[in-house]
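Containing compact mmCIF, C-alpha atoms and all ligand atoms: data-v4.txt.
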# COMPACT_ATOMS: atom_id res chain seq x y z
CA MET A 23 -12.88 -12.98 -18.72
CA THR A 24 -12.26 -9.21 -18.89
CA THR A 25 -9.43 -7.82 -20.99
CA HIS A 26 -7.12 -7.07 -18.08
CA THR A 27 -7.05 -10.57 -16.59
CA ALA A 28 -4.57 -11.78 -19.22
CA VAL A 29 -1.56 -10.03 -17.66
CA PRO A 30 -0.42 -11.65 -14.41
CA LYS A 31 -0.28 -8.87 -11.83
CA ALA A 32 1.24 -8.23 -8.44
CA GLU A 33 0.70 -5.44 -5.94
CA LEU A 34 3.04 -4.12 -3.25
CA HIS A 35 1.20 -1.01 -2.04
CA CYS A 36 -2.38 -1.19 -0.81
CA HIS A 37 -3.69 -0.07 2.58
CA ILE A 38 -6.13 -2.77 3.66
CA GLU A 39 -8.47 -0.39 5.51
CA GLY A 40 -8.36 1.87 2.44
CA ALA A 41 -9.38 -1.09 0.28
CA ALA A 42 -12.68 -1.60 2.11
CA PRO A 43 -15.62 -1.43 -0.31
CA PRO A 44 -18.12 1.23 0.89
CA SER A 45 -20.86 -1.43 0.87
CA LEU A 46 -18.89 -3.52 3.40
CA VAL A 47 -18.18 -0.44 5.53
CA MET A 48 -21.91 0.43 5.57
CA ARG A 49 -22.82 -3.12 6.55
CA LEU A 50 -20.38 -3.20 9.46
CA ALA A 51 -21.26 0.37 10.46
CA GLU A 52 -24.84 -0.79 10.94
CA LYS A 53 -23.72 -3.87 12.89
CA HIS A 54 -21.51 -1.83 15.25
CA ASN A 55 -23.66 1.30 15.33
CA VAL A 56 -21.16 3.69 13.75
CA ASP A 57 -22.33 6.72 11.75
CA VAL A 58 -20.50 6.78 8.39
CA SER A 59 -22.95 9.08 6.59
CA SER A 60 -20.35 11.87 6.47
CA ILE A 61 -17.97 9.78 4.30
CA ILE A 62 -20.26 7.70 2.06
CA ASP A 63 -22.73 9.43 -0.25
CA ALA A 64 -26.15 8.33 -1.52
CA LYS A 65 -24.51 6.59 -4.50
CA GLY A 66 -22.37 4.51 -2.13
CA LYS A 67 -19.10 6.34 -2.92
CA TYR A 68 -16.54 7.68 -0.48
CA VAL A 69 -16.61 11.47 -0.02
CA TRP A 70 -13.49 13.53 0.70
CA SER A 71 -11.92 16.65 -0.80
CA ASP A 72 -8.18 16.80 -0.10
CA PHE A 73 -5.41 14.71 1.49
CA THR A 74 -6.31 15.75 5.04
CA SER A 75 -10.02 14.96 4.61
CA PHE A 76 -9.10 11.74 2.80
CA LEU A 77 -7.06 10.64 5.84
CA GLN A 78 -10.02 11.52 8.11
CA ALA A 79 -12.45 9.54 5.93
CA TYR A 80 -9.99 6.64 5.97
CA ASP A 81 -9.86 6.76 9.79
CA LEU A 82 -13.65 6.69 10.08
CA ALA A 83 -14.04 3.86 7.54
CA SER A 84 -11.40 1.87 9.50
CA SER A 85 -13.32 2.31 12.74
CA VAL A 86 -16.13 -0.07 11.67
CA PHE A 87 -13.77 -3.09 11.69
CA LYS A 88 -13.91 -4.22 15.29
CA THR A 89 -13.47 -7.99 15.46
CA PRO A 90 -11.01 -10.51 13.98
CA GLY A 91 -13.93 -11.79 11.89
CA ASP A 92 -14.54 -8.30 10.44
CA TYR A 93 -10.89 -8.10 9.41
CA ALA A 94 -10.91 -11.63 7.98
CA LEU A 95 -13.87 -10.66 5.83
CA LEU A 96 -12.03 -7.53 4.68
CA SER A 97 -8.80 -9.27 3.65
CA GLU A 98 -10.64 -12.20 2.05
CA THR A 99 -12.81 -9.79 0.06
CA TYR A 100 -9.77 -7.83 -1.11
CA PHE A 101 -7.58 -10.76 -2.08
CA ARG A 102 -10.42 -12.50 -3.92
CA MET A 103 -10.98 -9.29 -5.87
CA LEU A 104 -7.27 -9.02 -6.70
CA ALA A 105 -7.18 -12.63 -7.85
CA ALA A 106 -10.24 -12.05 -10.04
CA GLU A 107 -8.23 -9.36 -11.84
CA GLY A 108 -5.38 -11.74 -12.55
CA ALA A 109 -3.15 -10.96 -9.56
CA ILE A 110 -0.89 -13.72 -8.31
CA TYR A 111 0.60 -11.86 -5.35
CA GLY A 112 -0.38 -8.97 -3.07
CA GLU A 113 1.09 -7.18 -0.08
CA ILE A 114 -1.22 -5.16 2.12
CA PHE A 115 -0.30 -2.40 4.53
CA VAL A 116 -1.84 -3.11 7.91
CA SER A 117 -2.13 -0.46 10.57
CA PRO A 118 -2.01 -1.67 14.19
CA ASP A 119 -2.86 1.88 15.34
CA HIS A 120 -6.18 1.75 13.50
CA ALA A 121 -6.97 -1.68 14.97
CA GLN A 122 -6.11 -0.43 18.45
CA ALA A 123 -8.40 2.59 17.98
CA ALA A 124 -11.18 0.12 17.12
CA GLY A 125 -10.46 -1.81 20.33
CA LEU A 126 -8.52 -4.76 18.91
CA SER A 127 -5.17 -6.15 20.06
CA TYR A 128 -2.31 -6.49 17.58
CA ARG A 129 -2.46 -10.29 17.66
CA SER A 130 -6.23 -10.49 17.07
CA TYR A 131 -5.94 -7.96 14.24
CA ILE A 132 -3.16 -9.90 12.48
CA GLU A 133 -4.78 -13.29 13.07
CA GLY A 134 -8.08 -12.02 11.64
CA LEU A 135 -6.40 -10.60 8.53
CA ALA A 136 -4.27 -13.75 8.12
CA ALA A 137 -7.38 -15.98 8.22
CA GLY A 138 -8.90 -13.96 5.35
CA ILE A 139 -5.66 -14.12 3.34
CA GLU A 140 -5.52 -17.90 3.80
CA ARG A 141 -9.16 -18.34 2.77
CA ALA A 142 -8.59 -16.31 -0.40
CA LYS A 143 -5.47 -18.36 -1.14
CA ASP A 144 -7.35 -21.63 -0.71
CA GLU A 145 -10.01 -20.45 -3.15
CA THR A 146 -7.87 -18.72 -5.78
CA GLY A 147 -4.20 -19.54 -5.22
CA ILE A 148 -3.26 -15.88 -4.63
CA GLU A 149 -0.30 -15.39 -2.30
CA GLY A 150 -0.51 -12.58 0.29
CA ARG A 151 1.75 -10.90 2.83
CA MET A 152 1.33 -8.03 5.32
CA ILE A 153 3.48 -4.95 5.94
CA ALA A 154 2.78 -3.36 9.33
CA VAL A 155 2.90 0.43 9.09
CA GLY A 156 3.35 3.21 11.59
CA VAL A 157 1.48 6.44 10.96
CA ARG A 158 3.89 9.34 10.48
CA HIS A 159 1.61 12.06 11.81
CA PHE A 160 1.04 10.08 15.05
CA GLY A 161 4.72 10.78 15.85
CA ALA A 162 7.96 8.86 16.42
CA ALA A 163 6.92 7.28 19.75
CA ALA A 164 3.79 5.75 18.20
CA VAL A 165 5.77 4.41 15.23
CA GLU A 166 8.33 2.87 17.61
CA ARG A 167 5.48 1.23 19.55
CA VAL A 168 4.26 -0.39 16.34
CA ALA A 169 7.78 -1.60 15.50
CA LYS A 170 8.15 -3.12 18.98
CA GLU A 171 4.80 -4.85 18.75
CA VAL A 172 5.58 -6.30 15.32
CA VAL A 173 9.05 -7.49 16.33
CA GLY A 174 7.76 -8.92 19.62
CA ASN A 175 4.89 -10.84 17.99
CA PRO A 176 6.31 -12.39 14.84
CA HIS A 177 3.80 -13.80 12.35
CA PRO A 178 4.77 -15.68 9.17
CA LEU A 179 2.60 -13.45 6.98
CA VAL A 180 3.88 -10.15 8.45
CA THR A 181 7.07 -9.75 6.48
CA GLY A 182 7.54 -6.00 6.26
CA PHE A 183 7.50 -2.74 8.17
CA GLY A 184 6.63 0.67 6.75
CA LEU A 185 5.70 4.28 7.30
CA ALA A 186 2.44 5.79 5.99
CA GLY A 187 0.46 8.90 6.88
CA ASP A 188 1.12 12.57 6.32
CA GLU A 189 4.60 12.93 4.87
CA ARG A 190 4.56 16.69 5.48
CA GLU A 191 4.95 16.00 9.21
CA GLY A 192 8.14 14.89 10.91
CA HIS A 193 11.62 14.34 9.42
CA ALA A 194 12.56 10.78 8.43
CA ALA A 195 15.38 10.85 11.00
CA ASN A 196 12.71 10.77 13.75
CA PHE A 197 11.73 7.29 12.64
CA ALA A 198 15.23 5.82 12.28
CA LYS A 199 15.03 3.90 15.56
CA ALA A 200 11.76 2.17 14.62
CA PHE A 201 13.16 1.19 11.23
CA ARG A 202 16.41 -0.07 12.79
CA MET A 203 14.41 -2.34 15.13
CA ALA A 204 12.30 -3.69 12.26
CA GLY A 205 15.26 -4.08 9.90
CA ASP A 206 17.32 -5.90 12.55
CA ALA A 207 14.42 -8.34 12.97
CA GLY A 208 14.64 -9.21 9.27
CA LEU A 209 11.55 -7.36 8.07
CA GLY A 210 11.51 -5.77 4.62
CA LEU A 211 11.39 -1.96 4.80
CA THR A 212 9.44 0.63 2.83
CA ALA A 213 8.34 4.22 3.49
CA HIS A 214 5.93 6.65 1.85
CA ALA A 215 8.06 9.48 0.45
CA GLY A 216 8.01 11.80 -2.54
CA GLU A 217 4.21 11.93 -2.58
CA PHE A 218 3.35 15.16 -0.74
CA SER A 219 6.95 16.23 -0.15
CA GLY A 220 9.69 16.52 -2.72
CA ALA A 221 12.90 14.73 -3.64
CA ASP A 222 14.56 15.63 -0.29
CA SER A 223 12.02 13.46 1.50
CA ILE A 224 12.96 10.46 -0.66
CA LEU A 225 16.65 11.10 0.00
CA ALA A 226 15.96 11.28 3.74
CA ALA A 227 14.07 7.96 3.64
CA LEU A 228 17.00 6.29 1.86
CA GLU A 229 19.53 7.79 4.27
CA PHE A 230 17.77 7.46 7.62
CA LEU A 231 15.38 4.54 7.15
CA ARG A 232 17.60 2.37 4.94
CA VAL A 233 14.68 1.39 2.69
CA LYS A 234 15.09 -0.32 -0.66
CA ARG A 235 11.49 0.41 -1.65
CA ILE A 236 9.72 3.77 -1.64
CA GLY A 237 5.95 4.26 -1.45
CA HIS A 238 5.10 6.60 -4.37
CA GLY A 239 8.49 8.30 -4.86
CA VAL A 240 7.22 10.00 -8.00
CA ARG A 241 8.61 13.41 -7.03
CA ALA A 242 12.06 11.97 -7.72
CA ILE A 243 11.37 13.47 -11.13
CA GLU A 244 12.39 16.85 -9.60
CA ASP A 245 16.02 15.77 -9.01
CA LYS A 246 18.31 14.27 -11.69
CA ASP A 247 20.95 13.15 -9.15
CA LEU A 248 18.34 11.34 -7.12
CA ILE A 249 17.04 9.55 -10.22
CA LYS A 250 20.59 8.37 -10.92
CA ARG A 251 20.91 7.11 -7.35
CA LEU A 252 17.58 5.25 -7.54
CA VAL A 253 18.73 3.56 -10.75
CA ASP A 254 22.23 2.76 -9.43
CA GLU A 255 20.92 1.37 -6.13
CA ARG A 256 18.06 -0.52 -7.81
CA VAL A 257 15.51 1.13 -5.51
CA VAL A 258 11.93 0.15 -6.40
CA LEU A 259 9.14 2.73 -6.46
CA GLU A 260 5.65 1.59 -5.51
CA VAL A 261 3.82 3.88 -7.93
CA CYS A 262 0.09 4.57 -7.43
CA PRO A 263 -1.00 6.59 -10.47
CA ALA A 264 -4.76 6.99 -9.81
CA SER A 265 -4.06 7.95 -6.20
CA ASN A 266 -1.62 10.64 -7.37
CA VAL A 267 -4.16 12.08 -9.80
CA LYS A 268 -7.09 11.96 -7.36
CA LEU A 269 -5.05 13.50 -4.52
CA GLY A 270 -3.67 16.21 -6.82
CA VAL A 271 -0.01 15.08 -6.70
CA CYS A 272 -0.29 15.14 -10.48
CA SER A 273 -2.92 16.90 -12.66
CA VAL A 274 -3.84 14.14 -15.14
CA LEU A 275 -2.48 10.70 -15.92
CA ARG A 276 -0.78 11.70 -19.17
CA PHE A 277 1.40 14.20 -17.25
CA HIS A 278 2.30 11.60 -14.59
CA PRO A 279 6.10 11.10 -14.36
CA ILE A 280 5.83 7.29 -14.33
CA ASN A 281 6.83 6.89 -17.96
CA LEU A 282 9.75 9.35 -17.80
CA LEU A 283 11.09 7.69 -14.66
CA ARG A 284 10.78 4.24 -16.19
CA ARG A 285 12.52 5.31 -19.40
CA GLN A 286 15.44 6.53 -17.30
CA GLY A 287 15.75 3.08 -15.77
CA VAL A 288 13.98 3.53 -12.42
CA ARG A 289 12.51 0.21 -11.26
CA MET A 290 8.83 0.41 -10.35
CA THR A 291 5.58 -1.40 -9.68
CA LEU A 292 1.93 -0.44 -10.22
CA ASN A 293 -0.42 -0.19 -7.25
CA SER A 294 -3.91 0.92 -6.23
CA ASP A 295 -3.11 2.47 -2.77
CA ASP A 296 -6.70 2.86 -1.45
CA PRO A 297 -8.71 1.57 -4.43
CA PRO A 298 -12.36 2.52 -3.75
CA PHE A 299 -11.31 5.96 -2.46
CA PHE A 300 -9.62 6.65 -5.80
CA ASP A 301 -12.09 4.85 -8.05
CA THR A 302 -9.53 2.33 -9.10
CA THR A 303 -8.40 -1.29 -8.93
CA LEU A 304 -5.05 -2.92 -9.66
CA GLY A 305 -6.40 -4.09 -13.02
CA ARG A 306 -7.42 -0.54 -13.92
CA GLU A 307 -3.95 0.76 -12.97
CA TYR A 308 -2.32 -1.70 -15.38
CA SER A 309 -4.77 -0.95 -18.18
CA SER A 310 -4.98 2.86 -17.85
CA VAL A 311 -1.20 3.34 -17.62
CA SER A 312 -0.61 0.95 -20.53
CA LYS A 313 -3.19 2.71 -22.67
CA THR A 314 -1.91 6.20 -21.81
CA PHE A 315 1.79 5.47 -22.35
CA GLY A 316 1.61 2.70 -24.93
CA TRP A 317 3.03 0.01 -22.66
CA THR A 318 3.04 -3.41 -24.29
CA PHE A 319 2.14 -6.77 -22.81
CA ALA A 320 5.89 -7.31 -22.24
CA ASP A 321 6.16 -3.94 -20.42
CA GLN A 322 3.33 -4.96 -18.12
CA ILE A 323 4.90 -8.35 -17.45
CA SER A 324 8.15 -6.62 -16.53
CA ILE A 325 6.27 -4.48 -13.97
CA THR A 326 4.90 -7.66 -12.38
CA ARG A 327 8.36 -9.26 -12.47
CA THR A 328 9.83 -6.23 -10.64
CA ALA A 329 7.08 -6.51 -8.00
CA ILE A 330 7.89 -10.17 -7.37
CA GLU A 331 11.63 -9.46 -7.26
CA ALA A 332 11.08 -6.65 -4.73
CA ALA A 333 8.41 -8.50 -2.72
CA PHE A 334 8.87 -9.09 0.99
CA CYS A 335 8.47 -12.85 0.75
CA ASP A 336 10.85 -15.79 0.85
CA HIS A 337 13.00 -16.84 -2.06
CA SER A 338 11.14 -20.07 -2.81
CA THR A 339 7.79 -18.26 -3.04
CA LYS A 340 9.37 -15.80 -5.49
CA GLN A 341 10.84 -18.63 -7.57
CA ARG A 342 7.43 -20.24 -7.78
CA LEU A 343 5.76 -16.98 -8.86
CA LEU A 344 8.38 -15.80 -11.34
N1 LIG B 1 -2.56 6.13 4.11
C1 LIG B 1 -3.46 5.67 3.26
N2 LIG B 1 -3.25 6.14 2.03
C2 LIG B 1 -2.16 6.93 2.09
C3 LIG B 1 -1.43 7.69 1.15
N3 LIG B 1 -1.78 7.76 -0.15
N4 LIG B 1 -0.37 8.38 1.58
C4 LIG B 1 -0.01 8.32 2.87
N5 LIG B 1 -0.66 7.61 3.79
C5 LIG B 1 -1.72 6.91 3.41
ZN ZN B 2 -0.05 4.51 0.40
Now, as a test, write the supplied structure out as structure tokens.
Ligand code: ADE
Ligand code: ZN
Amino acid sequence: MTTHTAVPKAELHCHIEGAAPPSLVMRLAEKHNVDVSSIIDAKGKYVWSDFTSFLQAYDLASSVFKTPGDYALLSETYFRMLAAEGAIYGEIFVSPDHAQAAGLSYRSYIEGLAAGIERAKDETGIEGRMIAVGVRHFGAAAVERVAKEVVGNPHPLVTGFGLAGDEREGHAANFAKAFRMAGDAGLGLTAHAGEFSGADSILAALEFLRVKRIGHGVRAIEDKDLIKRLVDERVVLEVCPASNVKLGVCSVLRFHPINLLRRQGVRMTLNSDDPPFFDTTLGREYSSVSKTFGWTFADQISITRTAIEAAFCDHSTKQRLL
């Protein structure tokens, strides 16, 4: 048992295509005849240099998953890995646009991923859910298409709807219709904001998308009034520290605003975002943040408790996990 397995963990923010181990991507690239040499180096690590090239590398890595079986293998691999680190619950962002680009229908994509989640649960007990995301830089029409598809094809493990992609493009108001559709269908809502844009972007997500969770949200640190609102409205930030450092949102972990935000009463969870791209895992997020900021075992447990409270799963599952 490694040191970090002792704390029960939960994750709310991980892009499943971004969680693909490079070794699995290389294997499937060979099977489907895709050239991934531009994004995986000789040491078997992902190569990218900034947010734009990261998103491009992510797109290419995603393109090797072409069948429901490929996706089942991906989700099973990820959830087994999470469970091995002591996680009891995980939500993955799934991207129907990426599946469509690889030639797969929404239903086959979701059924493949669900089969992998179920297999991992049977083996380890870990509970998993999916949040379907639209990609912001693909535009409002594409995000609405995803919302329609999700609402029109309900699946018990798809319990949320979200917005990922390049936050610097498109105002949140453009995506209000998609979020209204998803919210009206009873899906939990979350949006990436306050990662590459500032506090205004978080405010806009709260106002126009009616989210109660924010992906990243760390640039709330720039606005005292917003911090007060997050605390008062019990908004939960899905914080991804290693991602923020690797993508240059923050220079080094010890200057990351996570601890300041938490001390002011902002509710938050710890997450790995796109783990192999950022040389991290959920276990490493818990241990590096705890070491850097002196978080105790009880602090870490309270992070997990917040994740379960804010999870997009039914009440009885939460009661069982808490
Ligand atoms: N898609 C995958 N990772 C992302 C991130 N960190 N921000 C926005 N979109 C993403
Ligand atoms: Zn993300």
Review point. What separation in Å, quoted to one decimal, exists between atom CA of A:Ala320 and atom CA of A:Phe300?
Key: 26.6 Å
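Atom to atom, atom CA of A:Lys199 and atom CA of A:Val165 stand 9.3 Å apart.
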Exercise for review: Please indicate the distance in Å from atom CA of A:Tyr111 to atom CA of A:Glu33, rounded to one decimal place.
Suggested key: 6.4 Å
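With all atoms listed in the file as the atoms that count, the residue of A:Val86, A:Val155, A:Ala136, A:Arg327 with the shortest distance to A:Asn55 is A:Val86.
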Point to revise | Contacts of A:Ile330 at 8 Å (all atoms listed in the file; same-chain gap of 3+ positions) as a list in words | key: Ala32, Tyr111, Thr326, Arg327, Ala333, Lys340, Leu343 and Leu344 of chain A
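Taking all atoms listed in the file into account, the residues that come within 8 Å of ligand ZN 2 (chain B) are His35, Cys36, His37, Ala186, Gly187, His214, Gly237, His238, Cys262, Asp295 and Asp296 of chain A.
Taking all atoms listed in the file into account, ligand LIG 1 (chain B) lies nearest to A:Val116 out of the set A:Val116, A:Ile323, A:Leu275, A:Met290.
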Revision key, fill the gap. Closest of A:Asn175, A:Ser60, A:Ser294, A:Ser130 to ligand LIG 1 (chain B), counting only C-alpha atoms and all ligand atoms, is A:Ser294
Write out N, CA and C atoms for stretch 308-344 of chain A, as a compact mmCIF listing (two decimals), in the coordinates of the input.
# COMPACT_ATOMS: atom_id res chain seq x y z
N TYR A 308 -3.09 -1.11 -14.27
CA TYR A 308 -2.32 -1.70 -15.38
C TYR A 308 -2.89 -1.22 -16.73
N SER A 309 -4.22 -1.25 -16.85
CA SER A 309 -4.77 -0.95 -18.18
C SER A 309 -4.71 0.54 -18.50
N SER A 310 -4.97 1.43 -17.51
CA SER A 310 -4.98 2.86 -17.85
C SER A 310 -3.56 3.37 -18.14
N VAL A 311 -2.58 2.91 -17.37
CA VAL A 311 -1.20 3.34 -17.62
C VAL A 311 -0.72 2.80 -18.97
N SER A 312 -1.06 1.55 -19.27
CA SER A 312 -0.61 0.95 -20.53
C SER A 312 -1.22 1.67 -21.72
N LYS A 313 -2.50 2.01 -21.58
CA LYS A 313 -3.19 2.71 -22.67
C LYS A 313 -2.60 4.11 -22.85
N THR A 314 -2.38 4.81 -21.74
CA THR A 314 -1.91 6.20 -21.81
C THR A 314 -0.49 6.29 -22.37
N PHE A 315 0.38 5.35 -21.97
CA PHE A 315 1.79 5.47 -22.35
C PHE A 315 2.24 4.43 -23.38
N GLY A 316 1.28 3.67 -23.89
CA GLY A 316 1.61 2.70 -24.93
C GLY A 316 2.45 1.53 -24.43
N TRP A 317 2.27 1.15 -23.19
CA TRP A 317 3.03 0.01 -22.66
C TRP A 317 2.48 -1.28 -23.27
N THR A 318 3.41 -2.13 -23.67
CA THR A 318 3.04 -3.41 -24.29
C THR A 318 2.76 -4.46 -23.22
N PHE A 319 2.33 -5.62 -23.70
CA PHE A 319 2.14 -6.77 -22.81
C PHE A 319 3.46 -7.06 -22.08
N ALA A 320 4.57 -7.02 -22.83
CA ALA A 320 5.89 -7.31 -22.24
C ALA A 320 6.25 -6.26 -21.18
N ASP A 321 5.91 -4.99 -21.42
CA ASP A 321 6.16 -3.94 -20.42
C ASP A 321 5.41 -4.26 -19.13
N GLN A 322 4.16 -4.68 -19.30
CA GLN A 322 3.33 -4.96 -18.12
C GLN A 322 3.87 -6.17 -17.35
N ILE A 323 4.31 -7.16 -18.10
CA ILE A 323 4.90 -8.35 -17.45
C ILE A 323 6.15 -7.94 -16.67
N SER A 324 6.90 -7.01 -17.23
CA SER A 324 8.15 -6.62 -16.53
C SER A 324 7.83 -5.85 -15.24
N ILE A 325 6.71 -5.15 -15.21
CA ILE A 325 6.27 -4.48 -13.97
C ILE A 325 5.95 -5.54 -12.91
N THR A 326 5.25 -6.58 -13.31
CA THR A 326 4.90 -7.66 -12.38
C THR A 326 6.17 -8.37 -11.89
N ARG A 327 7.10 -8.59 -12.83
CA ARG A 327 8.36 -9.26 -12.47
C ARG A 327 9.12 -8.43 -11.42
N THR A 328 9.16 -7.11 -11.62
CA THR A 328 9.83 -6.23 -10.64
C THR A 328 9.16 -6.35 -9.28
N ALA A 329 7.81 -6.41 -9.28
CA ALA A 329 7.08 -6.51 -8.00
C ALA A 329 7.46 -7.80 -7.28
N ILE A 330 7.54 -8.89 -8.01
CA ILE A 330 7.89 -10.17 -7.37
C ILE A 330 9.34 -10.11 -6.87
N GLU A 331 10.22 -9.55 -7.68
CA GLU A 331 11.63 -9.46 -7.26
C GLU A 331 11.77 -8.63 -5.98
N ALA A 332 10.96 -7.56 -5.88
CA ALA A 332 11.08 -6.65 -4.73
C ALA A 332 10.17 -7.04 -3.56
N ALA A 333 9.40 -8.11 -3.74
CA ALA A 333 8.41 -8.50 -2.72
C ALA A 333 9.09 -8.91 -1.41
N PHE A 334 8.37 -8.68 -0.33
CA PHE A 334 8.87 -9.09 0.99
C PHE A 334 8.36 -10.50 1.28
N CYS A 335 8.81 -11.45 0.47
CA CYS A 335 8.47 -12.85 0.75
C CYS A 335 9.71 -13.69 0.51
N ASP A 336 9.66 -14.94 0.93
CA ASP A 336 10.85 -15.79 0.85
C ASP A 336 11.19 -16.14 -0.59
N HIS A 337 12.45 -16.56 -0.74
CA HIS A 337 13.00 -16.84 -2.06
C HIS A 337 12.21 -17.92 -2.81
N SER A 338 11.80 -18.97 -2.09
CA SER A 338 11.14 -20.07 -2.81
C SER A 338 9.75 -19.64 -3.31
N THR A 339 9.07 -18.78 -2.56
CA THR A 339 7.79 -18.26 -3.04
C THR A 339 8.02 -17.44 -4.31
N LYS A 340 9.06 -16.60 -4.30
CA LYS A 340 9.37 -15.80 -5.49
C LYS A 340 9.65 -16.69 -6.69
N GLN A 341 10.47 -17.74 -6.48
CA GLN A 341 10.84 -18.63 -7.57
C GLN A 341 9.60 -19.26 -8.17
N ARG A 342 8.66 -19.60 -7.30
CA ARG A 342 7.43 -20.24 -7.78
C ARG A 342 6.58 -19.25 -8.60
N LEU A 343 6.61 -17.97 -8.19
CA LEU A 343 5.76 -16.98 -8.86
C LEU A 343 6.37 -16.43 -10.14
N LEU A 344 7.70 -16.43 -10.19
CA LEU A 344 8.38 -15.80 -11.34
C LEU A 344 8.30 -16.65 -12.62
